[in-house]
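Below is the file work21.cif, which contains mmCIF, C-alpha atoms and all ligand atoms.
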data_structure
#
loop_
_atom_site.label_atom_id
_atom_site.label_comp_id
_atom_site.auth_asym_id
_atom_site.auth_seq_id
_atom_site.Cartn_x
_atom_site.Cartn_y
_atom_site.Cartn_z
CA MET A 695 0.00 0.00 0.00
CA PRO A 696 1.50 3.40 -0.94
CA THR A 697 2.53 5.92 1.71
CA VAL A 698 0.55 9.18 1.78
CA TYR A 699 1.29 12.46 3.60
CA VAL A 700 -1.72 14.17 5.14
CA THR A 701 -1.57 17.77 6.35
CA ARG A 702 -3.87 19.72 8.62
CA ARG A 703 -3.52 23.54 8.54
CA ALA A 704 -4.55 25.82 11.40
CA HIS A 705 -4.18 29.46 12.43
CA PHE A 706 -3.67 31.36 15.64
CA ASN A 707 -2.86 34.92 16.64
CA ALA A 708 -0.40 35.64 19.41
CA ALA A 709 1.96 38.22 20.86
CA HIS A 710 5.57 37.66 21.74
CA ARG A 711 8.94 39.26 22.33
CA LEU A 712 12.35 37.86 21.48
CA HIS A 713 14.52 38.56 24.50
CA ASN A 714 17.31 36.65 26.20
CA PRO A 715 17.30 37.70 29.86
CA ALA A 716 20.82 36.30 30.31
CA LYS A 717 22.16 38.99 27.95
CA SER A 718 22.39 42.78 28.18
CA ASP A 719 19.68 45.08 26.84
CA GLU A 720 22.18 46.30 24.24
CA TRP A 721 22.89 42.73 23.06
CA ASN A 722 19.17 42.03 22.83
CA VAL A 723 18.47 45.13 20.73
CA LEU A 724 21.44 44.40 18.46
CA THR A 725 20.44 40.76 18.06
CA PHE A 726 16.66 40.92 17.83
CA GLY A 727 16.02 44.49 16.61
CA LYS A 728 12.31 45.30 16.46
CA CYS A 729 11.49 41.80 17.68
CA ASN A 730 12.94 42.87 21.06
CA SER A 731 10.39 45.68 21.39
CA PRO A 732 9.56 45.73 25.12
CA ASN A 733 5.79 46.02 24.73
CA TRP A 734 5.44 42.96 22.49
CA HIS A 735 4.31 42.56 18.89
CA GLY A 736 1.93 40.14 17.23
CA HIS A 737 1.81 37.59 14.44
CA ASN A 738 -0.91 35.79 12.53
CA TYR A 739 0.66 32.36 12.73
CA GLN A 740 -0.16 29.48 10.44
CA ILE A 741 0.75 25.93 11.42
CA GLU A 742 0.80 22.84 9.21
CA VAL A 743 0.96 19.40 10.81
CA THR A 744 1.81 16.50 8.51
CA VAL A 745 1.22 12.83 9.27
CA GLU A 746 2.53 9.94 7.16
CA GLY A 747 0.93 6.56 6.67
CA LYS A 748 -0.78 4.04 4.48
CA PRO A 749 -4.52 4.41 3.91
CA ASN A 750 -6.55 2.12 6.13
CA PRO A 751 -8.34 -0.26 3.71
CA GLU A 752 -11.56 -0.01 5.71
CA THR A 753 -11.74 3.81 5.72
CA GLY A 754 -9.35 5.02 3.04
CA TYR A 755 -7.90 7.33 5.70
CA VAL A 756 -4.32 7.64 6.93
CA VAL A 757 -5.68 9.68 9.81
CA ASP A 758 -9.06 11.05 10.78
CA LEU A 759 -8.51 14.77 10.06
CA GLY A 760 -11.18 15.69 12.59
CA ALA A 761 -9.24 13.85 15.28
CA LEU A 762 -5.99 15.51 14.16
CA HIS A 763 -7.70 18.90 14.29
CA ARG A 764 -8.89 18.23 17.85
CA ILE A 765 -5.35 17.34 18.95
CA ILE A 766 -3.94 20.55 17.42
CA ASP A 767 -6.78 22.56 18.91
CA THR A 768 -6.47 21.12 22.41
CA TYR A 769 -2.70 21.10 22.81
CA ILE A 770 -1.64 24.14 20.74
CA LEU A 771 -4.44 26.50 19.71
CA GLU A 772 -6.38 26.56 22.99
CA LYS A 773 -3.16 27.40 24.80
CA CYS A 774 -1.66 29.91 22.32
CA ASP A 775 -4.45 31.66 20.40
CA HIS A 776 -4.86 35.30 21.48
CA LYS A 777 -2.19 34.81 24.14
CA ASN A 778 1.19 36.27 24.98
CA LEU A 779 3.62 33.46 24.20
CA ASN A 780 6.20 34.77 26.68
CA LEU A 781 3.80 35.02 29.61
CA ASP A 782 0.63 32.98 29.17
CA VAL A 783 1.59 29.56 27.85
CA ASP A 784 2.56 26.86 30.36
CA PHE A 785 4.66 24.79 27.96
CA LEU A 786 6.65 27.82 26.69
CA GLN A 787 7.89 29.05 30.05
CA GLY A 788 11.60 29.87 29.93
CA ILE A 789 11.78 29.52 26.13
CA ILE A 790 12.68 32.38 23.76
CA PRO A 791 9.59 32.20 21.50
CA SER A 792 11.36 32.21 18.14
CA SER A 793 9.61 30.22 15.43
CA GLU A 794 12.34 27.59 15.73
CA ASN A 795 11.73 27.08 19.44
CA LEU A 796 7.96 27.25 18.99
CA VAL A 797 7.85 24.53 16.36
CA ILE A 798 9.89 22.16 18.56
CA ALA A 799 7.64 22.88 21.54
CA PHE A 800 4.53 22.31 19.40
CA TRP A 801 5.92 18.95 18.27
CA ASN A 802 6.47 17.91 21.88
CA GLN A 803 2.92 19.00 22.72
CA ILE A 804 1.13 16.93 20.10
CA ALA A 805 3.44 13.99 19.28
CA PRO A 806 2.34 11.88 22.31
CA HIS A 807 -1.31 12.21 21.22
CA ILE A 808 -0.98 11.15 17.57
CA HIS A 809 -1.73 7.43 17.31
CA GLU A 810 -3.00 7.22 13.72
CA GLY A 811 -0.24 7.65 11.16
CA LYS A 812 3.19 8.99 12.10
CA LEU A 813 3.91 12.66 12.79
CA VAL A 814 6.63 13.64 10.30
CA SER A 815 6.58 17.45 10.01
CA ILE A 816 5.34 20.62 11.61
CA LYS A 817 5.70 23.87 9.69
CA LEU A 818 5.16 27.22 11.35
CA PHE A 819 4.57 30.29 9.20
CA GLU A 820 5.34 33.40 11.25
CA THR A 821 4.69 35.53 8.18
CA ALA A 822 3.96 34.63 4.58
CA ARG A 823 7.70 34.77 3.94
CA ASN A 824 9.19 33.30 7.12
CA VAL A 825 8.60 29.60 7.59
CA VAL A 826 10.33 27.07 9.86
CA GLU A 827 9.89 23.31 9.78
CA TYR A 828 10.70 20.61 12.35
CA ARG A 829 10.81 16.93 11.45
CA GLY A 830 11.51 15.54 14.90
CA ASN A 831 15.25 15.14 14.46
CA GLU A 832 17.72 15.80 17.25
NI NI A 901 7.94 38.27 16.10
#
Written as structure tokens, that's how I'd like the structure from this file.
Ligand code: NI
Amino acid sequence: MPTVYVTRRAHFNAAHRLHNPAKSDEWNVLTFGKCNSPNWHGHNYQIEVTVEGKPNPETGYVVDLGALHRIIDTYILEKCDHKNLNLDVDFLQGIIPSSENLVIAFWNQIAPHIHEGKLVSIKLFETARNVVEYRGNE
């Protein structure tokens, strides 16, 4: 049976600030520029979660997309949508909320809950032009 990749796309809006508290204010401004703005800034994030598998002969599905949506909603969107990623999100405490760090944290949030198909990729679009992808590799 051929392998198929199935992707669920979702959106959330959130505020954040890139700031490393271990470094000086000057270092932070030089490194992060406008993204270090003390009173936060926002993004309209898009996330794409891709699962790999072979279609179940009884359903034709690799994964029930409704079930995948509920996992993304429960473990990512409910916690992050309309929130401040630096302050409000339990699983992001102590993490600089760059897209790179976010996509790894999102993987760790949902991977234990995906039992149909195999999680193979999460892409996070911070803007239409800036996209990061994590495939679960160390
Ligand atoms: Ni930003």
Mind listing the residues within 7 Å of ligand NI 901 (chain A), all atoms listed in the file counted, as a PDB file with C-alpha atoms, in the frame of the given file?
ATOM      1  CA  HIS A 710       5.570  37.660  21.740  1.00  0.00           C
ATOM      2  CA  ARG A 711       8.940  39.260  22.330  1.00  0.00           C
ATOM      3  CA  LEU A 712      12.350  37.860  21.480  1.00  0.00           C
ATOM      4  CA  CYS A 729      11.490  41.800  17.680  1.00  0.00           C
ATOM      5  CA  HIS A 735       4.310  42.560  18.890  1.00  0.00           C
ATOM      6  CA  GLY A 736       1.930  40.140  17.230  1.00  0.00           C
ATOM      7  CA  HIS A 737       1.810  37.590  14.440  1.00  0.00           C
TER       8      HIS A 737
END
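Across the model, the gap from atom CA of A:Thr725 to atom CA of A:Arg823 is 19.9 Å.
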So which residues touch stretch 762-771 of chain A within 7 Å, counting all atoms listed in the file, skipping near sequence neighbours fewer than 4 positions away, as a PyMOL selection string?
chain A and resi 702+706+758+775+800+803-804+807
What would the file look like if the residues just selected were written as a PDB file, in the frame of the given file with C-alpha atoms?
ATOM      1  CA  ARG A 702      -3.870  19.720   8.620  1.00  0.00           C
ATOM      2  CA  PHE A 706      -3.670  31.360  15.640  1.00  0.00           C
ATOM      3  CA  ASP A 758      -9.060  11.050  10.780  1.00  0.00           C
ATOM      4  CA  ASP A 775      -4.450  31.660  20.400  1.00  0.00           C
ATOM      5  CA  PHE A 800       4.530  22.310  19.400  1.00  0.00           C
ATOM      6  CA  GLN A 803       2.920  19.000  22.720  1.00  0.00           C
ATOM      7  CA  ILE A 804       1.130  16.930  20.100  1.00  0.00           C
ATOM      8  CA  HIS A 807      -1.310  12.210  21.220  1.00  0.00           C
TER       9      HIS A 807
END
Skipping near chain neighbours, those fewer than 3 positions away, what residues fall within 9 Å of A:Pro749 using all atoms listed in the file, listed as a ChimeraX atom specification?
/A:695-698,752-757
Test item: which residues lie within 6 Å of (2.8, 10.3, 5.4) counting all atoms listed in the file, as a PyMOL selection string:
chain A and resi 697-700+745-747
Output for the residues just chosen: C-alpha atoms as a compact mmCIF listing (two decimals), in the frame of the given file:
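The result, stored in out.txt:
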# COMPACT_ATOMS: atom_id res chain seq x y z
CA THR A 697 2.53 5.92 1.71
CA VAL A 698 0.55 9.18 1.78
CA TYR A 699 1.29 12.46 3.60
CA VAL A 700 -1.72 14.17 5.14
CA VAL A 745 1.22 12.83 9.27
CA GLU A 746 2.53 9.94 7.16
CA GLY A 747 0.93 6.56 6.67
With all atoms listed in the file as the basis for distance, which of A:Pro732, A:Ala822, A:Lys817, A:Glu794 is at the shortest distance from A:Asp719?
A:Pro732
If the box runs along x, y and z of the file and leaves 5 Å on each side of stretch 731-737 of chain A, what are its centre and edge lengths in Å, one decimal, as lines of an AutoDock Vina configuration file?
center_x = 6.1
center_y = 41.8
center_z = 19.8
size_x = 18.6
size_y = 18.4
size_z = 20.7
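Going from atom CA of A:Asn795 to atom CA of A:His809 covers 23.9 Å.
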For the atom pair atom CA of A:Tyr739 and atom CA of A:Ser815, what is the interatomic distance in Å to one decimal place?
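Atom CA of A:Ser815 lies 16.3 Å from atom CA of A:Tyr739.
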Find the spatial neighbours of A:Gln740, counting only C-alpha atoms, within a cut-off of 10 Å - ignore same-chain residues fewer than 4 positions away - and output them as an MDAnalysis selection string.
chainID A and resid 703:707 817:822 825
Take the structure in the block and write a file for stretch 762-788 of chain A, N, CA and C atoms, as a compact mmCIF listing (two decimals), in the first residue's frame.
# COMPACT_ATOMS: atom_id res chain seq x y z
N LEU A 762 -7.25 14.75 14.19
CA LEU A 762 -5.99 15.51 14.16
C LEU A 762 -6.26 16.97 14.50
N HIS A 763 -7.34 17.51 13.97
CA HIS A 763 -7.70 18.90 14.29
C HIS A 763 -7.92 19.06 15.79
N ARG A 764 -8.61 18.10 16.42
CA ARG A 764 -8.89 18.23 17.85
C ARG A 764 -7.60 18.19 18.67
N ILE A 765 -6.63 17.40 18.24
CA ILE A 765 -5.35 17.34 18.95
C ILE A 765 -4.63 18.70 18.84
N ILE A 766 -4.59 19.25 17.62
CA ILE A 766 -3.94 20.55 17.42
C ILE A 766 -4.65 21.62 18.23
N ASP A 767 -5.98 21.56 18.21
CA ASP A 767 -6.78 22.56 18.91
C ASP A 767 -6.54 22.50 20.42
N THR A 768 -6.58 21.29 20.96
CA THR A 768 -6.47 21.12 22.41
C THR A 768 -5.08 21.48 22.93
N TYR A 769 -4.05 21.02 22.24
CA TYR A 769 -2.70 21.10 22.81
C TYR A 769 -1.89 22.29 22.31
N ILE A 770 -2.36 22.96 21.23
CA ILE A 770 -1.64 24.14 20.74
C ILE A 770 -2.57 25.36 20.71
N LEU A 771 -3.65 25.30 19.94
CA LEU A 771 -4.44 26.50 19.71
C LEU A 771 -5.11 27.02 20.98
N GLU A 772 -5.70 26.12 21.76
CA GLU A 772 -6.38 26.56 22.99
C GLU A 772 -5.40 27.26 23.94
N LYS A 773 -4.15 26.85 23.89
CA LYS A 773 -3.16 27.40 24.80
C LYS A 773 -2.50 28.67 24.26
N CYS A 774 -2.45 28.82 22.92
CA CYS A 774 -1.66 29.91 22.32
C CYS A 774 -2.49 31.00 21.64
N ASP A 775 -3.70 30.69 21.19
CA ASP A 775 -4.45 31.66 20.40
C ASP A 775 -4.87 32.85 21.27
N HIS A 776 -4.57 34.05 20.77
CA HIS A 776 -4.86 35.30 21.48
C HIS A 776 -4.16 35.37 22.84
N LYS A 777 -2.97 34.80 22.90
CA LYS A 777 -2.19 34.81 24.14
C LYS A 777 -0.85 35.49 23.90
N ASN A 778 -0.19 35.80 25.02
CA ASN A 778 1.19 36.27 24.98
C ASN A 778 2.07 35.04 25.18
N LEU A 779 2.85 34.71 24.16
CA LEU A 779 3.62 33.46 24.20
C LEU A 779 4.71 33.49 25.27
N ASN A 780 5.18 34.68 25.63
CA ASN A 780 6.20 34.77 26.68
C ASN A 780 5.61 34.54 28.07
N LEU A 781 4.36 34.97 28.26
CA LEU A 781 3.80 35.02 29.61
C LEU A 781 2.72 33.99 29.90
N ASP A 782 1.90 33.66 28.90
CA ASP A 782 0.63 32.98 29.17
C ASP A 782 0.65 31.47 28.97
N VAL A 783 1.67 30.95 28.33
CA VAL A 783 1.59 29.56 27.85
C VAL A 783 2.47 28.66 28.72
N ASP A 784 1.84 27.69 29.39
CA ASP A 784 2.56 26.86 30.36
C ASP A 784 3.76 26.16 29.72
N PHE A 785 3.58 25.59 28.53
CA PHE A 785 4.66 24.79 27.96
C PHE A 785 5.75 25.63 27.26
N LEU A 786 5.61 26.96 27.29
CA LEU A 786 6.65 27.82 26.69
C LEU A 786 7.43 28.61 27.74
N GLN A 787 7.19 28.31 29.00
CA GLN A 787 7.89 29.05 30.05
C GLN A 787 9.40 28.85 29.93
N GLY A 788 10.14 29.95 29.96
CA GLY A 788 11.60 29.87 29.93
C GLY A 788 12.18 29.67 28.54
